[in-house]
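Shown next: entry12.pdb, containing PDB, C-alpha atoms.
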```
MODEL        1
ATOM      1  CA  MET A 172      27.162  -2.258  14.260
ATOM      2  CA  LEU A 173      29.272  -1.936  11.128
ATOM      3  CA  ASN A 174      31.556   1.044  10.776
ATOM      4  CA  GLY A 175      31.761   3.307   7.736
ATOM      5  CA  ASP A 176      34.506   1.238   6.090
ATOM      6  CA  GLU A 177      32.542  -1.988   6.329
ATOM      7  CA  ALA A 178      29.529  -0.181   4.970
ATOM      8  CA  GLY A 179      29.597   1.993   1.863
ATOM      9  CA  GLY A 180      30.238   5.351   3.484
ATOM     10  CA  LYS A 181      27.726   8.158   3.874
ATOM     11  CA  ALA A 182      24.812   8.430   1.449
ATOM     12  CA  PRO A 183      25.152  11.532  -0.764
ATOM     13  CA  GLY A 184      21.405  11.803  -1.459
ATOM     14  CA  PHE A 185      20.421  13.132   1.964
ATOM     15  CA  GLU A 186      22.395  16.329   1.425
ATOM     16  CA  ASP A 187      20.107  17.293  -1.471
ATOM     17  CA  ARG A 188      16.885  16.030   0.150
ATOM     18  CA  PRO A 189      17.186  16.617   3.912
ATOM     19  CA  ASN A 190      13.559  15.616   4.553
ATOM     20  CA  TYR A 191      14.024  12.201   2.931
ATOM     21  CA  HIS A 192      14.301   9.270   5.321
ATOM     22  CA  VAL A 193      15.211   5.595   5.313
ATOM     23  CA  LEU A 194      14.086   3.906   8.511
ATOM     24  CA  ILE A 195      14.999   0.247   9.042
ATOM     25  CA  GLU A 196      13.743  -1.573  12.100
ATOM     26  CA  PRO A 197      12.902  -5.114  13.221
ATOM     27  CA  THR A 198       9.378  -6.483  13.226
ATOM     28  CA  GLU A 199       8.214  -9.215  15.559
ATOM     29  CA  LYS A 200       6.054 -10.733  12.817
ATOM     30  CA  TRP A 201       6.812 -14.165  11.399
ATOM     31  CA  VAL A 202       6.973 -13.493   7.643
ATOM     32  CA  ARG A 203       7.071 -15.966   4.763
ATOM     33  CA  ALA A 204       7.262 -15.683   0.972
ATOM     34  CA  GLU A 205       6.141 -18.523  -1.305
ATOM     35  CA  ILE A 206       6.901 -18.959  -5.010
ATOM     36  CA  GLY A 207       5.794 -21.933  -7.083
ATOM     37  CA  GLY A 208       4.756 -23.879  -4.000
ATOM     38  CA  GLU A 209       8.177 -23.439  -2.365
ATOM     39  CA  MET A 210       8.746 -21.331   0.748
ATOM     40  CA  ILE A 211      11.592 -19.168  -0.559
ATOM     41  CA  ALA A 212      11.890 -17.051   2.589
ATOM     42  CA  ASN A 213      10.806 -17.913   6.117
ATOM     43  CA  SER A 214      11.907 -15.802   9.048
ATOM     44  CA  LYS A 215      11.021 -14.526  12.520
ATOM     45  CA  LYS A 216      13.866 -11.993  12.340
ATOM     46  CA  VAL A 217      12.638  -9.792   9.508
ATOM     47  CA  LEU A 218      13.415  -6.097   9.072
ATOM     48  CA  ILE A 219      10.970  -3.611   7.606
ATOM     49  CA  MET A 220      12.271  -0.674   5.585
ATOM     50  CA  LEU A 221      10.204   2.512   5.628
ATOM     51  CA  GLU A 222      11.434   4.927   2.998
ATOM     52  CA  SER A 223      10.054   8.249   1.824
ATOM     53  CA  SER A 224       7.997   7.952  -1.375
ATOM     54  CA  SER A 225       8.001   4.127  -1.197
ATOM     55  CA  VAL A 226       5.767   1.451   0.267
ATOM     56  CA  PRO A 227       7.201  -0.601   3.152
ATOM     57  CA  VAL A 228       9.536  -3.475   2.204
ATOM     58  CA  TYR A 229      10.426  -6.626   4.147
ATOM     59  CA  TYR A 230      14.104  -7.633   4.344
ATOM     60  CA  PHE A 231      14.981 -11.226   5.293
ATOM     61  CA  PRO A 232      18.240 -12.391   6.881
ATOM     62  CA  ARG A 233      20.173 -14.212   4.178
ATOM     63  CA  GLU A 234      20.282 -17.369   6.320
ATOM     64  CA  ASP A 235      16.463 -17.448   6.254
ATOM     65  CA  VAL A 236      16.283 -17.353   2.453
ATOM     66  CA  ALA A 237      16.307 -20.617   0.474
ATOM     67  CA  MET A 238      19.463 -19.757  -1.485
ATOM     68  CA  ASP A 239      19.332 -23.063  -3.412
ATOM     69  CA  PHE A 240      16.534 -21.510  -5.484
ATOM     70  CA  LEU A 241      18.458 -18.271  -6.114
ATOM     71  CA  GLU A 242      20.946 -17.508  -8.879
ATOM     72  CA  ARG A 243      22.944 -14.288  -8.851
ATOM     73  CA  SER A 244      22.296 -12.191 -11.966
ATOM     74  CA  ASP A 245      24.326  -9.485 -13.697
ATOM     75  CA  HIS A 246      21.681  -6.875 -12.936
ATOM     76  CA  GLY A 247      22.404  -4.009 -10.573
ATOM     77  CA  THR A 248      20.839  -0.737  -9.499
ATOM     78  CA  PHE A 249      21.981   2.279  -7.503
ATOM     79  CA  SER A 250      20.105   4.201  -4.815
ATOM     80  CA  GLN A 251      21.527   7.535  -3.737
ATOM     81  CA  PHE A 252      20.130   6.806  -0.286
ATOM     82  CA  LYS A 253      21.083   3.136   0.149
ATOM     83  CA  GLY A 254      23.898   2.267  -2.247
ATOM     84  CA  GLU A 255      24.493  -0.412  -4.898
ATOM     85  CA  ALA A 256      22.003  -3.280  -5.057
ATOM     86  CA  SER A 257      22.860  -6.777  -6.314
ATOM     87  CA  TYR A 258      20.146  -9.038  -7.763
ATOM     88  CA  TRP A 259      19.196 -12.709  -7.934
ATOM     89  CA  ASN A 260      16.856 -14.727 -10.122
ATOM     90  CA  VAL A 261      14.527 -17.227  -8.469
ATOM     91  CA  ASN A 262      14.346 -20.653 -10.132
ATOM     92  CA  VAL A 263      11.580 -23.031  -9.051
ATOM     93  CA  GLY A 264      11.183 -25.999 -11.364
ATOM     94  CA  ALA A 265      10.788 -24.689 -14.911
ATOM     95  CA  ARG A 266       9.799 -21.247 -13.643
ATOM     96  CA  THR A 267      12.211 -18.319 -13.404
ATOM     97  CA  GLU A 268      11.479 -14.974 -11.804
ATOM     98  CA  GLU A 269      14.242 -12.739 -13.108
ATOM     99  CA  ASN A 270      15.817 -10.202 -10.775
ATOM    100  CA  ALA A 271      13.149 -10.852  -8.177
ATOM    101  CA  VAL A 272      15.474 -10.517  -5.189
ATOM    102  CA  TRP A 273      17.938  -7.803  -4.228
ATOM    103  CA  SER A 274      20.377  -7.021  -1.473
ATOM    104  CA  TYR A 275      22.593  -4.105  -0.484
ATOM    105  CA  GLU A 276      25.849  -5.922   0.148
ATOM    106  CA  THR A 277      27.804  -2.742   0.888
ATOM    107  CA  PRO A 278      25.098  -0.262   1.850
ATOM    108  CA  PHE A 279      25.641   3.347   2.781
ATOM    109  CA  MET A 280      25.868   3.975   6.511
ATOM    110  CA  GLU A 281      22.242   5.166   6.653
ATOM    111  CA  ALA A 282      21.077   1.735   5.401
ATOM    112  CA  VAL A 283      23.788  -0.371   7.039
ATOM    113  CA  ARG A 284      21.245  -2.328   9.062
ATOM    114  CA  ALA A 285      20.083  -3.986   5.817
ATOM    115  CA  LYS A 286      23.520  -5.498   5.107
ATOM    116  CA  ASN A 287      23.257  -9.302   4.718
ATOM    117  CA  TYR A 288      19.487  -9.039   4.283
ATOM    118  CA  MET A 289      17.511  -9.754   1.115
ATOM    119  CA  ALA A 290      14.265  -8.312  -0.249
ATOM    120  CA  PHE A 291      11.739  -9.598  -2.791
ATOM    121  CA  TYR A 292       9.599  -7.720  -5.282
ATOM    122  CA  TRP A 293       6.140  -8.168  -3.822
ATOM    123  CA  ASP A 294       4.427  -9.047  -7.124
ATOM    124  CA  ARG A 295       7.036 -11.720  -8.019
ATOM    125  CA  VAL A 296       5.951 -13.722  -4.970
ATOM    126  CA  ASP A 297       2.820 -15.883  -5.173
ATOM    127  CA  HIS A 298       1.853 -15.699  -1.516
ATOM    128  CA  TRP A 299       2.954 -13.583   1.427
ATOM    129  CA  TYR A 300       2.160 -14.512   5.014
ATOM    130  CA  GLU A 301       2.363 -12.622   8.285
ATOM    131  CA  GLU A 302       2.028 -15.269  10.972
ATOM    132  CA  ASP A 303      -0.651 -17.595   9.483
ATOM    133  CA  GLU A 304      -2.574 -14.909   7.593
ATOM    134  CA  GLU A 305      -2.023 -14.138   3.923
ATOM    135  CA  VAL A 306      -1.356 -10.462   3.251
ATOM    136  CA  PHE A 307      -1.648  -8.484   0.046
ATOM    137  CA  VAL A 308      -0.292  -5.465  -1.865
ATOM    138  CA  HIS A 309       2.610  -4.609   0.483
ATOM    139  CA  PRO A 310       3.512  -4.805   4.175
ATOM    140  CA  ARG A 311       1.479  -2.587   6.455
ATOM    141  CA  ASP A 312       3.293   0.464   7.750
ATOM    142  CA  PRO A 313       3.454   0.155  11.558
ATOM    143  CA  TYR A 314       3.199   3.956  11.809
ATOM    144  CA  LYS A 315       0.052   4.210   9.694
ATOM    145  CA  ARG A 316      -3.383   4.272  11.355
ATOM    146  CA  VAL A 317      -6.842   3.703   9.958
ATOM    147  CA  ASP A 318      -9.606   4.914  12.273
ATOM    148  CA  ILE A 319     -13.313   4.688  11.475
ATOM    149  CA  ALA A 320     -15.965   6.685  13.300
ATOM    150  CA  ALA A 321     -19.735   6.790  12.811
ATOM    151  CA  SER A 322     -20.960  10.379  12.544
ATOM    152  CA  SER A 323     -24.312  12.192  12.441
ATOM    153  CA  ARG A 324     -22.733  15.214  10.705
ATOM    154  CA  PRO A 325     -24.484  15.883   7.390
ATOM    155  CA  VAL A 326     -22.521  14.856   4.300
ATOM    156  CA  ARG A 327     -23.709  15.671   0.798
ATOM    157  CA  VAL A 328     -22.078  14.684  -2.505
ATOM    158  CA  VAL A 329     -22.777  16.536  -5.759
ATOM    159  CA  LEU A 330     -21.837  15.224  -9.198
ATOM    160  CA  GLY A 331     -23.057  16.199 -12.642
ATOM    161  CA  GLY A 332     -24.898  19.121 -11.113
ATOM    162  CA  GLU A 333     -27.118  17.006  -8.843
ATOM    163  CA  THR A 334     -26.980  15.657  -5.318
ATOM    164  CA  ILE A 335     -26.250  11.949  -5.548
ATOM    165  CA  ALA A 336     -25.749  11.249  -1.827
ATOM    166  CA  ASP A 337     -27.136  12.978   1.259
ATOM    167  CA  THR A 338     -26.695  11.432   4.688
ATOM    168  CA  THR A 339     -26.393  11.919   8.424
ATOM    169  CA  SER A 340     -25.261   8.305   8.875
ATOM    170  CA  ALA A 341     -21.815   8.247   7.275
ATOM    171  CA  HIS A 342     -18.750   6.551   8.665
ATOM    172  CA  PHE A 343     -15.680   8.778   8.502
ATOM    173  CA  LEU A 344     -12.440   6.972   7.682
ATOM    174  CA  PHE A 345      -9.279   8.701   8.895
ATOM    175  CA  GLU A 346      -6.118   7.226   7.374
ATOM    176  CA  THR A 347      -2.622   8.557   7.990
ATOM    177  CA  GLY A 348      -1.456  10.652   5.061
ATOM    178  CA  MET A 349      -4.800  10.454   3.231
ATOM    179  CA  PRO A 350      -7.820  12.755   2.970
ATOM    180  CA  THR A 351     -10.790  11.896   5.170
ATOM    181  CA  ARG A 352     -13.113   9.540   3.300
ATOM    182  CA  PHE A 353     -16.877   9.436   3.826
ATOM    183  CA  TYR A 354     -18.482   5.978   3.618
ATOM    184  CA  ILE A 355     -22.214   6.368   3.013
ATOM    185  CA  PRO A 356     -25.097   3.871   3.402
ATOM    186  CA  LYS A 357     -26.671   2.882   0.084
ATOM    187  CA  LYS A 358     -30.098   3.972   1.339
ATOM    188  CA  ASP A 359     -28.821   7.560   1.309
ATOM    189  CA  ILE A 360     -27.429   7.343  -2.240
ATOM    190  CA  LYS A 361     -29.267   7.565  -5.559
ATOM    191  CA  MET A 362     -28.162   4.032  -6.380
ATOM    192  CA  ASP A 363     -30.079   4.088  -9.680
ATOM    193  CA  LEU A 364     -27.343   6.442 -10.927
ATOM    194  CA  LEU A 365     -24.550   4.015 -10.014
ATOM    195  CA  GLU A 366     -23.388   1.299 -12.397
ATOM    196  CA  PRO A 367     -21.039  -1.502 -11.249
ATOM    197  CA  SER A 368     -17.740  -1.464 -13.151
ATOM    198  CA  ASP A 369     -15.206  -4.224 -13.717
ATOM    199  CA  THR A 370     -12.542  -2.377 -11.725
ATOM    200  CA  THR A 371     -11.255  -3.885  -8.503
ATOM    201  CA  THR A 372      -8.405  -2.856  -6.242
ATOM    202  CA  ARG A 373      -6.852  -4.231  -3.088
ATOM    203  CA  CYS A 374      -5.715  -2.273  -0.049
ATOM    204  CA  PRO A 375      -3.456  -3.835   2.613
ATOM    205  CA  TYR A 376      -5.322  -1.900   5.315
ATOM    206  CA  LYS A 377      -8.939  -2.359   4.192
ATOM    207  CA  GLY A 378      -9.282  -5.302   1.775
ATOM    208  CA  SER A 379     -10.654  -5.760  -1.757
ATOM    209  CA  ALA A 380     -12.750  -2.972  -3.272
ATOM    210  CA  SER A 381     -15.157  -3.036  -6.192
ATOM    211  CA  TYR A 382     -16.119   0.114  -8.080
ATOM    212  CA  PHE A 383     -19.088   2.018  -9.444
ATOM    213  CA  SER A 384     -19.341   4.468 -12.300
ATOM    214  CA  VAL A 385     -21.922   7.218 -11.944
ATOM    215  CA  ARG A 386     -24.278   8.427 -14.678
ATOM    216  CA  SER A 387     -25.367  11.959 -13.816
ATOM    217  CA  GLY A 388     -26.168  15.129 -15.738
ATOM    218  CA  GLY A 389     -26.064  13.216 -18.993
ATOM    219  CA  GLU A 390     -22.486  12.041 -18.486
ATOM    220  CA  LEU A 391     -20.846   8.821 -17.292
ATOM    221  CA  TYR A 392     -18.183   9.315 -14.634
ATOM    222  CA  GLU A 393     -16.126   6.137 -14.591
ATOM    223  CA  ASP A 394     -14.965   4.515 -11.346
ATOM    224  CA  MET A 395     -16.149   7.419  -9.213
ATOM    225  CA  ALA A 396     -17.045   5.369  -6.113
ATOM    226  CA  TRP A 397     -16.094   2.130  -4.406
ATOM    227  CA  THR A 398     -17.249  -0.296  -1.758
ATOM    228  CA  TYR A 399     -15.790  -3.091   0.360
ATOM    229  CA  ALA A 400     -18.109  -6.111   0.384
ATOM    230  CA  GLU A 401     -15.769  -8.044   2.684
ATOM    231  CA  PRO A 402     -13.344  -5.640   4.363
ATOM    232  CA  ILE A 403     -10.690  -6.950   6.691
ATOM    233  CA  LEU A 404     -11.763  -7.314  10.300
ATOM    234  CA  GLU A 405     -10.192  -4.041  11.453
ATOM    235  CA  CYS A 406     -12.365  -2.122   8.955
ATOM    236  CA  ALA A 407     -15.582  -4.113   9.316
ATOM    237  CA  ASN A 408     -17.613  -0.942   9.926
ATOM    238  CA  ILE A 409     -17.344   0.148   6.273
ATOM    239  CA  LYS A 410     -18.800  -3.119   4.930
ATOM    240  CA  ASP A 411     -21.154  -2.416   1.987
ATOM    241  CA  LEU A 412     -20.943   1.354   2.440
ATOM    242  CA  VAL A 413     -20.059   3.471  -0.598
ATOM    243  CA  CYS A 414     -17.321   6.090  -0.804
ATOM    244  CA  PHE A 415     -16.928   8.733  -3.519
ATOM    245  CA  TYR A 416     -13.691  10.345  -4.641
ATOM    246  CA  ASN A 417     -13.768  13.717  -2.848
ATOM    247  CA  GLU A 418     -11.265  15.020  -5.364
ATOM    248  CA  ASN A 419     -13.265  14.100  -8.477
ATOM    249  CA  VAL A 420     -16.913  14.844  -7.725
ATOM    250  CA  ASP A 421     -18.299  18.365  -8.218
ATOM    251  CA  ALA A 422     -18.378  18.989  -4.489
ATOM    252  CA  VAL A 423     -18.612  17.397  -1.062
ATOM    253  CA  TYR A 424     -20.418  19.321   1.658
ATOM    254  CA  LEU A 425     -19.818  18.648   5.343
ATOM    255  CA  ASP A 426     -22.074  20.508   7.771
ATOM    256  CA  GLU A 427     -23.342  22.278   4.606
ATOM    257  CA  LEU A 428     -19.900  23.792   4.016
ATOM    258  CA  GLU A 429     -18.127  22.871   0.770
ATOM    259  CA  LEU A 430     -14.873  21.076   1.433
ATOM    260  CA  PRO A 431     -11.704  21.917  -0.517
ATOM    261  CA  LYS A 432     -10.755  19.248  -3.010
ATOM    262  CA  PRO A 433      -7.826  17.153  -1.763
ATOM    263  CA  GLU A 434      -4.827  16.819  -4.063
ATOM    264  CA  THR A 435      -4.031  13.139  -4.464
ATOM    265  CA  LYS A 436      -2.682  10.807  -7.126
ATOM    266  CA  TRP A 437      -6.322  10.027  -8.042
ATOM    267  CA  LEU A 438      -7.186  13.629  -8.940
ATOM    268  CA  ARG A 439      -8.425  13.781 -12.525
TER     269      ARG A 439
ENDMDL
END
```

Would you mind writing the file out in structure tokens?
Amino acid sequence: MLNGDEAGGKAPGFEDRPNYHVLIEPTEKWVRAEIGGEMIANSKKVLIMLESSSVPVYYFPREDVAMDFLERSDHGTFSQFKGEASYWNVNVGARTEENAVWSYETPFMEAVRAKNYMAFYWDRVDHWYEEDEEVFVHPRDPYKRVDIAASSRPVRVVLGGETIADTTSAHFLFETGMPTRFYIPKKDIKMDLLEPSDTTTRCPYKGSASYFSVRSGGELYEDMAWTYAEPILECANIKDLVCFYNENVDAVYLDELELPKPETKWLR
């Protein structure tokens, strides 16, 4: 373990935000990052950083990064919780990904475990692999759970002044840090009110989602519901079911009691 002199001292940010955390720990996963057909990072000794208000980030030992493809840049940033970050461009053939890689070379004591490790911006990498499976969006948080349970409790969704879904066959999805989501069979939804949209999203825990807009009460509510046609194996039970934004419909009733609207980043 490095001492405070070898690191960058104590982080000043935690004094102002005592509930903020930076947790750095090893993962047993074999992780690889590929750019332009070249495996730029390949390691079985990866760290994962779990930081408040941020998605998880993989950090590779510098000896497991293909440094021949990296060129140190003049760019730098400062984190009040981790310290000064240095950056590298990635050059593969004629392609350059500027400032795609960073490292805390003299981190604060709270992030000292990341010293001599390097991280990549997820979207600057073409392909990410955990073991032999490609993964998307960002690393999965090892402390996050997604549980799915079939339920006979009545769920009713109202939008535009009319009931658009009414079921006793929903699957409830419980995800750490998220409101409960109700995935409803299409047979219990007024599907004639739903119009497929061009919107798609990807979730590291569930897979690729496609969206529906809803035309109800004379109005079009864009991207109000989504479905997973091919969810990842762990979430297979929500395949082809439809979920509505609790926070954006008129109301969701569970056991005929109106639920409070959750406050999320998707609230309109």

Once the PyMOL selection byres ((chain A and resi 225) around 12) has been applied to the shown file, what residues remain in the selection, as a list in words?
Tyr191, His192, Val193, Leu194, Met220, Leu221, Glu222, Ser223, Ser224, Val226, Pro227, Val228, His309, Pro310 and Asp312 of chain A

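On the file presented, the PyMOL selection byres ((chain A and resi 342) around 7) picks out Ile319, Ala320, Ala321, Ser322, Ser340, Ala341, Phe343, Leu344, Phe353, Tyr354, Ile355 and Ile409 of chain A.
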
Report as a tab-separated table (two decimals) with C-alpha atoms, in the coordinates of the input the full result of the PyMOL selection byres ((chain A and resi 316) around 10) when it is applied to this structure.
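The result, stored in out.tsv:
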```
chain	number	residue	atom	x	y	z
A	311	ARG	CA	1.48	-2.59	6.46
A	312	ASP	CA	3.29	0.46	7.75
A	313	PRO	CA	3.45	0.16	11.56
A	314	TYR	CA	3.20	3.96	11.81
A	315	LYS	CA	0.05	4.21	9.69
A	317	VAL	CA	-6.84	3.70	9.96
A	318	ASP	CA	-9.61	4.91	12.27
A	319	ILE	CA	-13.31	4.69	11.48
A	345	PHE	CA	-9.28	8.70	8.90
A	346	GLU	CA	-6.12	7.23	7.37
A	347	THR	CA	-2.62	8.56	7.99
A	348	GLY	CA	-1.46	10.65	5.06
A	376	TYR	CA	-5.32	-1.90	5.32
```

By how many Å are CA of Gly254 (chain A) and CA of Ala182 (chain A) apart?
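CA of Ala182 (chain A) lies at a distance of 7.2 Å from CA of Gly254 (chain A).
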
Just how far from CA of Pro232 (chain A) is CA of Thr198 (chain A), in Å to one decimal?
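Atom-to-atom, CA of Thr198 (chain A) and CA of Pro232 (chain A) are spaced 12.4 Å apart.
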
Contacts of Arg203 (chain A) at 12 Å (all atoms listed in the file; same-chain gap of 2+ positions) as a ChimeraX atom specification
/A:200-201,205-206,209-217,229-232,235-237,290-291,293,296-306,310

Those selected residues, please, written with C-alpha atoms and delivered as a compact mmCIF listing (two decimals), keeping the file's coordinate frame.
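For reference, part-v5.txt as written:
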```txt
# COMPACT_ATOMS: atom_id res chain seq x y z
CA LYS A 200 6.05 -10.73 12.82
CA TRP A 201 6.81 -14.16 11.40
CA GLU A 205 6.14 -18.52 -1.30
CA ILE A 206 6.90 -18.96 -5.01
CA GLU A 209 8.18 -23.44 -2.37
CA MET A 210 8.75 -21.33 0.75
CA ILE A 211 11.59 -19.17 -0.56
CA ALA A 212 11.89 -17.05 2.59
CA ASN A 213 10.81 -17.91 6.12
CA SER A 214 11.91 -15.80 9.05
CA LYS A 215 11.02 -14.53 12.52
CA LYS A 216 13.87 -11.99 12.34
CA VAL A 217 12.64 -9.79 9.51
CA TYR A 229 10.43 -6.63 4.15
CA TYR A 230 14.10 -7.63 4.34
CA PHE A 231 14.98 -11.23 5.29
CA PRO A 232 18.24 -12.39 6.88
CA ASP A 235 16.46 -17.45 6.25
CA VAL A 236 16.28 -17.35 2.45
CA ALA A 237 16.31 -20.62 0.47
CA ALA A 290 14.26 -8.31 -0.25
CA PHE A 291 11.74 -9.60 -2.79
CA TRP A 293 6.14 -8.17 -3.82
CA VAL A 296 5.95 -13.72 -4.97
CA ASP A 297 2.82 -15.88 -5.17
CA HIS A 298 1.85 -15.70 -1.52
CA TRP A 299 2.95 -13.58 1.43
CA TYR A 300 2.16 -14.51 5.01
CA GLU A 301 2.36 -12.62 8.28
CA GLU A 302 2.03 -15.27 10.97
CA ASP A 303 -0.65 -17.60 9.48
CA GLU A 304 -2.57 -14.91 7.59
CA GLU A 305 -2.02 -14.14 3.92
CA VAL A 306 -1.36 -10.46 3.25
CA PRO A 310 3.51 -4.80 4.18
```

Neighbour list for Ser274 (chain A) as a list in words, cut-off 9 Å, all atoms listed in the file, skip fewer than 3 positions in-chain:
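Result of the neighbour search: Tyr230, Glu255, Ala256, Ser257, Tyr258, Trp259, Thr277, Pro278, Ala285, Lys286, Asn287, Tyr288, Met289 and Ala290 of chain A.
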
Find the residues around Glu429 (chain A) up to 10 Å (only C-alpha atoms counted), leave out those fewer than 5 positions away in its own chain, and share them as an MDAnalysis selection string.
chainID A and resid 326:328 422:424

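Counting from CA of Glu281 (chain A), the distance to CA of Thr248 (chain A) is 17.3 Å.
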
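With all atoms listed in the file as the basis for measurement, A:Gly179 is the residue among A:Arg233, A:Ala204, A:Gly179, A:Thr267 that approaches Gln251 (chain A) most closely.
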
With all atoms listed in the file as the atoms that count, which of A:Thr371, A:Ser379, A:Ser244, A:Ser387 lies nearest to Asn262 (chain A)?
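Closest to Asn262 (chain A) of all the choices is A:Ser244.
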
Report as lines of an AutoDock Vina configuration file the centre and the edge lengths, in Å to one decimal, of the axis-aligned box holding every listed atom of region 277-294 of chain A, padded by 4 Å on each side.
```
center_x = 16.1
center_y = -2.3
center_z = 1.0
size_x = 31.4
size_y = 22.9
size_z = 24.2
```

Rank nothing, just name the residue among A:Arg386, A:Lys432, A:Arg373, A:Arg439 nearest to Gly332 (chain A), using only C-alpha atoms.
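Of all the options, A:Arg386 lies closest to Gly332 (chain A).
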
Leaving out Pro433 (chain A) and any residue of its chain fewer than 5 positions from it, which residues lie within 10 Å of it when counting only C-alpha atoms, given as a VMD selection string?
chain A and resid 349 to 351 416 to 419 438

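Minimum atom-to-atom distance to Val202 (chain A), evaluated using all atoms listed in the file, belongs to A:Ile219 out of A:Ala265, A:Met280, A:Ile219, A:Leu425.
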
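Of the listed residues A:Ser323, A:Ser250, A:Asn270, A:Thr398, the one whose atoms come nearest to Phe415 (chain A) is A:Thr398, with distances taken using all atoms listed in the file.
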
Write a file for region 326-341 of chain A of the given structure; include N, CA and C atoms and format it as a short mmCIF file (atom, residue, chain, number, x, y, z; two decimals), in the first residue's frame.
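Listed below is the output, result17.cif:
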```cif
data_model
loop_
_atom_site.label_atom_id
_atom_site.label_comp_id
_atom_site.auth_asym_id
_atom_site.auth_seq_id
_atom_site.Cartn_x
_atom_site.Cartn_y
_atom_site.Cartn_z
N VAL A 326 -52.68 -4.58 -11.78
CA VAL A 326 -51.97 -3.36 -12.19
C VAL A 326 -52.78 -2.70 -13.29
N ARG A 327 -53.00 -1.41 -13.15
CA ARG A 327 -53.75 -0.67 -14.17
C ARG A 327 -53.02 0.62 -14.49
N VAL A 328 -52.91 0.91 -15.80
CA VAL A 328 -52.19 2.10 -16.27
C VAL A 328 -53.18 3.01 -16.98
N VAL A 329 -53.18 4.29 -16.60
CA VAL A 329 -54.08 5.28 -17.19
C VAL A 329 -53.25 6.35 -17.87
N LEU A 330 -53.63 6.68 -19.09
CA LEU A 330 -52.94 7.74 -19.85
C LEU A 330 -53.95 8.40 -20.76
N GLY A 331 -53.89 9.71 -20.85
CA GLY A 331 -54.83 10.44 -21.69
C GLY A 331 -56.26 10.28 -21.24
N GLY A 332 -56.44 10.03 -19.94
CA GLY A 332 -57.77 9.90 -19.38
C GLY A 332 -58.42 8.55 -19.56
N GLU A 333 -57.71 7.57 -20.15
CA GLU A 333 -58.31 6.24 -20.32
C GLU A 333 -57.34 5.15 -19.87
N THR A 334 -57.92 4.03 -19.47
CA THR A 334 -57.13 2.88 -19.08
C THR A 334 -56.55 2.23 -20.32
N ILE A 335 -55.22 2.16 -20.39
CA ILE A 335 -54.58 1.58 -21.57
C ILE A 335 -54.00 0.20 -21.29
N ALA A 336 -53.91 -0.17 -20.00
CA ALA A 336 -53.42 -1.49 -19.63
C ALA A 336 -54.07 -1.89 -18.31
N ASP A 337 -54.51 -3.15 -18.24
CA ASP A 337 -55.19 -3.65 -17.05
C ASP A 337 -54.88 -5.14 -16.96
N THR A 338 -54.15 -5.54 -15.93
CA THR A 338 -53.66 -6.92 -15.90
C THR A 338 -53.58 -7.48 -14.49
N THR A 339 -53.64 -8.79 -14.40
CA THR A 339 -53.28 -9.52 -13.18
C THR A 339 -52.19 -10.52 -13.52
N SER A 340 -51.44 -10.23 -14.59
CA SER A 340 -50.38 -11.15 -15.05
C SER A 340 -49.06 -10.42 -15.30
N ALA A 341 -48.83 -9.34 -14.58
CA ALA A 341 -47.60 -8.57 -14.79
C ALA A 341 -46.40 -9.27 -14.17
#
```
